[in-house]
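Participant: Just one file: data.cif, with mmCIF, C-alpha atoms.
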data_coords
loop_
_atom_site.label_atom_id
_atom_site.label_comp_id
_atom_site.auth_asym_id
_atom_site.auth_seq_id
_atom_site.Cartn_x
_atom_site.Cartn_y
_atom_site.Cartn_z
CA MET Z 1 -118.35 -39.03 61.95
CA PHE Z 2 -120.82 -36.94 60.00
CA THR Z 3 -124.58 -37.27 60.13
CA THR Z 4 -126.59 -36.46 57.04
CA PHE Z 5 -130.33 -35.88 57.22
CA ARG Z 6 -131.96 -36.46 53.84
CA GLY Z 7 -135.51 -35.36 53.31
CA GLY Z 8 -137.24 -37.05 50.41
CA GLN Z 9 -139.83 -39.61 49.44
CA SER Z 10 -138.49 -42.50 51.52
CA GLY Z 11 -136.66 -43.02 54.79
CA SER Z 12 -136.89 -44.62 58.20
CA TRP Z 13 -138.71 -41.59 59.65
CA ARG Z 14 -142.08 -40.36 58.34
CA ILE Z 15 -142.36 -36.56 58.52
CA THR Z 16 -145.64 -35.60 60.18
CA SER Z 17 -145.16 -31.82 60.06
CA VAL Z 18 -142.80 -29.10 58.87
CA ALA Z 19 -143.23 -25.71 60.54
CA ARG Z 20 -141.44 -22.45 59.80
CA VAL Z 21 -140.58 -20.98 63.19
CA LYS Z 22 -138.38 -18.13 61.97
CA GLY Z 23 -136.98 -17.33 58.52
CA GLU Z 24 -137.23 -19.56 55.48
CA THR Z 25 -138.65 -23.07 55.85
CA LEU Z 26 -137.61 -26.30 54.14
CA PRO Z 27 -139.60 -27.95 51.36
CA ARG Z 28 -142.26 -30.36 52.63
CA VAL Z 29 -141.22 -33.94 51.99
CA ALA Z 30 -142.66 -37.30 53.07
CA ALA Z 31 -139.75 -38.95 54.86
CA LEU Z 32 -136.32 -38.54 56.41
CA SER Z 33 -133.24 -40.76 56.27
CA VAL Z 34 -130.47 -40.37 58.83
CA ILE Z 35 -127.06 -41.47 57.52
CA GLN Z 36 -123.92 -41.64 59.64
CA SER Z 37 -120.63 -41.93 57.77
CA GLU Z 38 -117.00 -40.88 57.69
CA ALA Z 39 -117.79 -38.28 55.02
CA ILE Z 40 -120.78 -36.09 54.31
CA ALA Z 41 -123.19 -37.94 52.05
CA LEU Z 42 -123.19 -36.43 48.59
CA PRO Z 43 -125.72 -33.66 48.08
CA LEU Z 44 -128.87 -34.37 46.22
CA LEU Z 45 -129.53 -32.46 43.04
CA PRO Z 46 -131.59 -29.33 43.73
CA SER Z 47 -135.19 -30.42 43.91
CA GLN Z 48 -138.58 -29.40 45.25
CA THR Z 49 -139.03 -32.94 46.57
CA SER Z 50 -135.76 -33.46 48.47
CA TRP Z 51 -133.11 -31.73 50.58
CA ARG Z 52 -129.96 -32.58 52.57
CA LEU Z 53 -128.57 -31.23 55.82
CA ALA Z 54 -125.29 -32.42 57.32
CA GLY Z 55 -123.47 -31.91 60.59
CA ARG Z 56 -121.24 -33.58 63.11
CA PRO Z 57 -121.28 -33.98 66.86
CA SER Z 58 -118.63 -31.93 68.59
CA HIS Z 59 -117.36 -31.38 72.09
CA LEU Z 60 -119.84 -29.71 74.42
CA ARG Z 61 -119.58 -25.94 74.33
CA TYR Z 62 -120.54 -23.36 76.96
CA VAL Z 63 -120.61 -26.19 79.53
CA GLU Z 64 -118.72 -26.30 82.80
CA ARG Z 65 -117.43 -29.60 84.25
CA ALA Z 66 -120.21 -29.97 86.86
CA GLU Z 67 -122.87 -29.36 84.19
CA LYS Z 68 -121.25 -31.88 81.86
CA LEU Z 69 -121.30 -34.50 84.61
CA GLN Z 70 -124.96 -33.74 85.39
CA LEU Z 71 -125.90 -34.14 81.73
CA GLU Z 72 -123.97 -37.39 81.36
CA ALA Z 73 -125.63 -38.82 84.47
CA VAL Z 74 -129.19 -38.36 83.21
CA GLN Z 75 -129.28 -38.23 79.42
CA ALA Z 76 -130.56 -41.18 77.44
CA GLY Z 77 -129.03 -42.48 74.25
CA LEU Z 78 -130.64 -42.26 70.85
CA GLY Z 79 -132.30 -45.26 69.27
CA ARG Z 80 -134.41 -46.47 72.19
CA PRO Z 81 -137.22 -48.66 70.76
CA GLU Z 82 -139.95 -46.83 72.68
CA ALA Z 83 -138.73 -43.43 71.47
CA ASN Z 84 -140.42 -43.60 68.10
CA HIS Z 85 -141.21 -39.88 67.86
CA ALA Z 86 -138.55 -37.35 66.92
CA ALA Z 87 -137.94 -33.73 66.05
CA LEU Z 88 -135.28 -32.29 63.78
CA ILE Z 89 -134.88 -28.58 64.47
CA PRO Z 90 -132.26 -26.86 62.30
CA ILE Z 91 -131.21 -23.46 63.67
CA ARG Z 92 -129.13 -20.57 62.37
CA LYS Z 93 -128.16 -17.75 64.70
CA ASN Z 94 -127.59 -14.18 63.54
CA ALA Z 95 -124.30 -12.33 63.09
CA ALA Z 96 -124.70 -10.57 66.46
CA TRP Z 97 -124.42 -13.97 68.22
CA TRP Z 98 -121.23 -14.90 66.40
CA GLU Z 99 -119.68 -11.48 67.07
CA LEU Z 100 -119.91 -12.14 70.83
CA THR Z 101 -116.95 -13.67 72.62
CA GLN Z 102 -117.14 -17.24 73.92
CA GLU Z 103 -117.59 -15.87 77.45
CA GLU Z 104 -120.41 -13.53 76.37
CA ARG Z 105 -122.21 -16.40 74.61
CA ARG Z 106 -121.80 -18.57 77.73
CA ARG Z 107 -123.40 -15.84 79.89
CA ILE Z 108 -126.41 -15.66 77.58
CA PHE Z 109 -126.59 -19.45 77.06
CA GLU Z 110 -126.55 -20.47 80.71
CA ASP Z 111 -126.34 -17.57 83.15
CA LYS Z 112 -129.31 -15.74 81.56
CA SER Z 113 -131.16 -18.39 79.53
CA HIS Z 114 -130.50 -21.41 81.78
CA HIS Z 115 -130.27 -23.67 78.73
CA ILE Z 116 -128.62 -26.54 80.62
CA ALA Z 117 -130.21 -26.12 84.04
CA GLY Z 118 -133.67 -25.67 82.53
CA SER Z 119 -133.29 -28.68 80.22
CA LEU Z 120 -132.13 -31.18 82.85
CA LYS Z 121 -135.65 -31.91 84.08
CA TYR Z 122 -136.60 -33.20 80.60
CA LEU Z 123 -133.88 -35.86 80.63
CA PRO Z 124 -133.85 -38.87 80.24
CA ALA Z 125 -137.43 -38.80 78.85
CA ILE Z 126 -136.14 -36.85 75.86
CA ALA Z 127 -132.90 -37.92 74.21
CA ARG Z 128 -131.03 -35.31 72.22
CA GLN Z 129 -128.00 -34.79 70.03
CA LEU Z 130 -126.62 -31.55 68.66
CA TYR Z 131 -124.85 -31.56 65.30
CA HIS Z 132 -122.62 -28.61 64.38
CA CYS Z 133 -122.64 -27.48 60.76
CA ARG Z 134 -121.70 -23.79 60.71
CA ASP Z 135 -118.12 -24.54 59.63
CA LEU Z 136 -119.28 -27.00 56.96
CA GLY Z 137 -120.87 -24.39 54.70
CA GLU Z 138 -124.36 -25.64 55.53
CA PRO Z 139 -127.43 -23.37 55.59
CA PHE Z 140 -127.82 -23.82 59.37
CA ASP Z 141 -125.41 -23.52 62.31
CA PHE Z 142 -126.87 -26.44 64.28
CA LEU Z 143 -129.08 -29.44 63.67
CA THR Z 144 -130.86 -30.41 66.87
CA TRP Z 145 -132.23 -33.96 66.98
CA PHE Z 146 -134.58 -35.17 69.70
CA GLU Z 147 -136.16 -38.60 70.24
CA TYR Z 148 -138.96 -39.38 72.71
CA ASP Z 149 -141.77 -41.77 73.52
CA PRO Z 150 -145.19 -40.50 72.32
CA ALA Z 151 -146.26 -40.44 75.99
CA ASN Z 152 -143.69 -37.62 76.45
CA ALA Z 153 -144.92 -35.47 73.55
CA ALA Z 154 -146.37 -32.80 75.87
CA LEU Z 155 -143.12 -32.77 77.85
CA PHE Z 156 -141.20 -32.19 74.61
CA GLU Z 157 -143.51 -29.27 73.69
CA GLU Z 158 -142.83 -27.78 77.13
CA LEU Z 159 -139.05 -28.09 76.57
CA VAL Z 160 -139.21 -26.40 73.16
CA ALA Z 161 -141.41 -23.58 74.49
CA MET Z 162 -139.03 -23.02 77.41
CA LEU Z 163 -136.00 -22.78 75.10
CA ARG Z 164 -137.77 -20.44 72.66
CA ALA Z 165 -138.67 -18.07 75.53
CA THR Z 166 -135.02 -17.44 76.46
CA GLU Z 167 -132.72 -14.54 75.63
CA GLU Z 168 -130.54 -17.00 73.70
CA TRP Z 169 -133.39 -17.64 71.25
CA SER Z 170 -133.56 -13.91 70.40
CA PHE Z 171 -130.37 -14.49 68.39
CA VAL Z 172 -132.04 -17.10 66.13
CA GLU Z 173 -132.64 -15.85 62.58
CA ARG Z 174 -133.79 -19.12 61.02
CA GLU Z 175 -135.46 -22.14 62.59
CA VAL Z 176 -137.50 -24.96 61.10
CA ASP Z 177 -139.34 -27.52 63.23
CA LEU Z 178 -139.83 -30.98 61.71
CA ARG Z 179 -141.76 -33.65 63.60
CA LEU Z 180 -141.35 -37.29 62.77
CA GLU Z 181 -142.47 -40.81 63.57
CA ARG Z 182 -140.29 -43.87 63.08
CA GLU Z 183 -141.56 -46.07 60.27
CA ARG Z 184 -142.54 -49.51 61.53
CA LEU Z 185 -140.89 -52.32 59.62
CA ASP Z 186 -143.75 -54.68 60.45
CA ALA Z 187 -146.49 -52.29 59.28
CA GLY Z 188 -148.38 -53.30 56.29
#
Once you've parsed the file, please lay out its structure as structure tokens.
Facilitator:
Amino acid sequence: MFTTFRGGQSGSWRITSVARVKGETLPRVAALSVIQSEAIALPLLPSQTSWRLAGRPSHLRYVERAEKLQLEAVQAGLGRPEANHAALIPIRKNAAWWELTQEERRRIFEDKSHHIAGSLKYLPAIARQLYHCRDLGEPFDFLTWFEYDPANAALFEELVAMLRATEEWSFVEREVDLRLERERLDAG
């Protein structure tokens, strides 16, 4: 399954902010649609008022069995009704990261940066899904999607700050931070 994130004028998520963290940003648009399908949704024509990012979930990488079991025991699923705030954070790492061996990346990811161990305390309040897109010819390597209850907004900011303070983050060459709120169907 592929997941396509389409930024444009309509969608089930209203974009409340778009921030350039590192490198080039994305055009500011009003809304985001999230489409899951067997194929990548067709690209939109180049436009200043729309964009498309696609990725797919993959097996967990840089994770040992005990860590995988810990994550599975505490992580929440996406789509919880109370989790009507979200963040889409596309990330591209630099060539130096990809030149490292799998073992070297693991050491930086967990042994030095404590990506998994440090993130566990934020689960299940914050649900997350990582979509891989490096091998799909996309402009980012990963699309990180988070959902949370507005009451956990400060907790989410703490998580993001913790991850950006790690050695792993020093390999990021492009990152955009989009914040969203789920559109209410009964609003009006």
Participant: Write out as a VMD selection string the residues lying within 8 Å of Glu147 in chain Z, counting all atoms listed in the file and excluding same-chain residues fewer than 4 positions away.
Facilitator: chain Z and resid 78 to 79 83 to 87 126 to 128
Participant: Which residues are near Ser12 in chain Z? Cut-off 10 Å, all atoms listed in the file, ignore same chain within fewer than 2 positions. Put them as a PyMOL selection string.
Facilitator: chain Z and resi 10+14-15+31-34+180-185
Participant: Identify which of the residues Z:Ile40, Z:Glu99, Z:Phe146, Z:Arg134 lies closest to Ala54 in chain Z, counting only C-alpha atoms when measuring atom-to-atom distances.
Facilitator: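 Nearest candidate to Ala54 in chain Z out of Z:Ile40, Z:Glu99, Z:Phe146, Z:Arg134: Z:Ile40.
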Participant: Record the distance separating CA of Gly7 in chain Z and CA of Leu53 in chain Z, expressed in Å with one decimal.
Facilitator: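 Pair CA of Gly7 in chain Z / CA of Leu53 in chain Z returns 8.5 Å.
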Participant: What does the structure give for the distance between CA of Ala73 in chain Z and CA of Asp111 in chain Z, in Å to one decimal?
Facilitator: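 Taking CA of Ala73 in chain Z and CA of Asp111 in chain Z, their separation equals 21.3 Å.
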Participant: Between Z:Ala117, Z:Leu26, Z:Ala151, Z:Ile35, which one has atoms that come closest to Trp13 in chain Z, using all atoms listed in the file?
Facilitator: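 With all atoms listed in the file as the atom set, the closest residue is Z:Ile35.
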Participant: Can you tell me, as a list in words, what residues are no more than 9 Å from Leu159 in chain Z when counting all atoms listed in the file, ignoring any on the same chain fewer than 3 positions away?
Facilitator: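 Those residues are Gly118, Ser119, Tyr122, Ala154, Leu155, Phe156, Met162, Leu163 and Arg164 of chain Z.
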Participant: Tell me which residues the PyMOL selection byres ((chain Z and resi 133) around 12) grabs here, as a ChimeraX atom specification.
Facilitator: /Z:2-5,40,53-58,90-93,130-132,134-144
Participant: Can you pull out the residues contacting Pro27 in chain Z? Cut-off 12 Å, using only C-alpha atoms, and skip same-chain residues under 6 positions away; I want them as a PyMOL selection string.
Facilitator: chain Z and resi 6-9+15+17-20+46-52+176-178
Participant: Taking all atoms of range 103-111 of chain Z that the file lists and extending 8 Å past them on each side, where is the centre of the axis-aligned box and how long are its edges? Answer in Å to one decimal, as AutoDock Vina command-line options.
Facilitator:
--center_x -122.1 --center_y -17.0 --center_z 78.9 --size_x 25.0 --size_y 22.9 --size_z 24.5
Participant: Can you list, as a list of chain:residue names, the residues that the PyMOL selection byres ((chain Z and resi 70) around 12) selects here?
Facilitator: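 Expected selection for the PyMOL selection byres ((chain Z and resi 70) around 12) here is Z:Val63, Z:Glu64, Z:Arg65, Z:Ala66, Z:Glu67, Z:Lys68, Z:Leu69, Z:Leu71, Z:Glu72, Z:Ala73, Z:Val74, Z:Gln75, Z:Ile116, Z:Ala117, Z:Ser119, Z:Leu120, Z:Lys121, Z:Leu123, Z:Pro124.
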Participant: If you keep C-alpha atoms, can you produce a file of those selected residues as a compact mmCIF listing (two decimals), keeping the file's coordinate frame?
Facilitator:
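The resulting file, again-v7.txt, is reproduced below:
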# COMPACT_ATOMS: atom_id res chain seq x y z
CA VAL Z 63 -120.61 -26.19 79.53
CA GLU Z 64 -118.72 -26.30 82.80
CA ARG Z 65 -117.43 -29.60 84.25
CA ALA Z 66 -120.21 -29.97 86.86
CA GLU Z 67 -122.87 -29.36 84.19
CA LYS Z 68 -121.25 -31.88 81.86
CA LEU Z 69 -121.30 -34.50 84.61
CA LEU Z 71 -125.90 -34.14 81.73
CA GLU Z 72 -123.97 -37.39 81.36
CA ALA Z 73 -125.63 -38.82 84.47
CA VAL Z 74 -129.19 -38.36 83.21
CA GLN Z 75 -129.28 -38.23 79.42
CA ILE Z 116 -128.62 -26.54 80.62
CA ALA Z 117 -130.21 -26.12 84.04
CA SER Z 119 -133.29 -28.68 80.22
CA LEU Z 120 -132.13 -31.18 82.85
CA LYS Z 121 -135.65 -31.91 84.08
CA LEU Z 123 -133.88 -35.86 80.63
CA PRO Z 124 -133.85 -38.87 80.24
Participant: Taking into account all atoms listed in the file, which residue in the set Z:Val160, Z:Glu167, Z:Arg61, Z:Asp149 is nearest to Lys112 in chain Z?
Facilitator: Z:Glu167
Participant: So what do you get for CA of Ser113 in chain Z versus CA of Glu175 in chain Z, distance-wise?
Facilitator: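 Pair CA of Ser113 in chain Z / CA of Glu175 in chain Z returns 17.9 Å.
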Participant: Which residue is closest to Ser170 in chain Z? Choose from Z:Ala96, Z:Ala76, Z:His114, Z:Glu157 and count only C-alpha atoms.
Facilitator: Z:Ala96
Participant: Between Z:Gly11, Z:Pro81, Z:Val29, Z:Arg174, single out the one closest to Ala95 in chain Z, counting only C-alpha atoms.
Facilitator: Z:Arg174
Participant: Between Z:Ile89, Z:Trp98, Z:Thr166, Z:Pro150, which residue has the minimum interatomic distance to Glu110 in chain Z, considering all atoms listed in the file?
Facilitator: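 Selected residue with least distance to Glu110 in chain Z: Z:Thr166.
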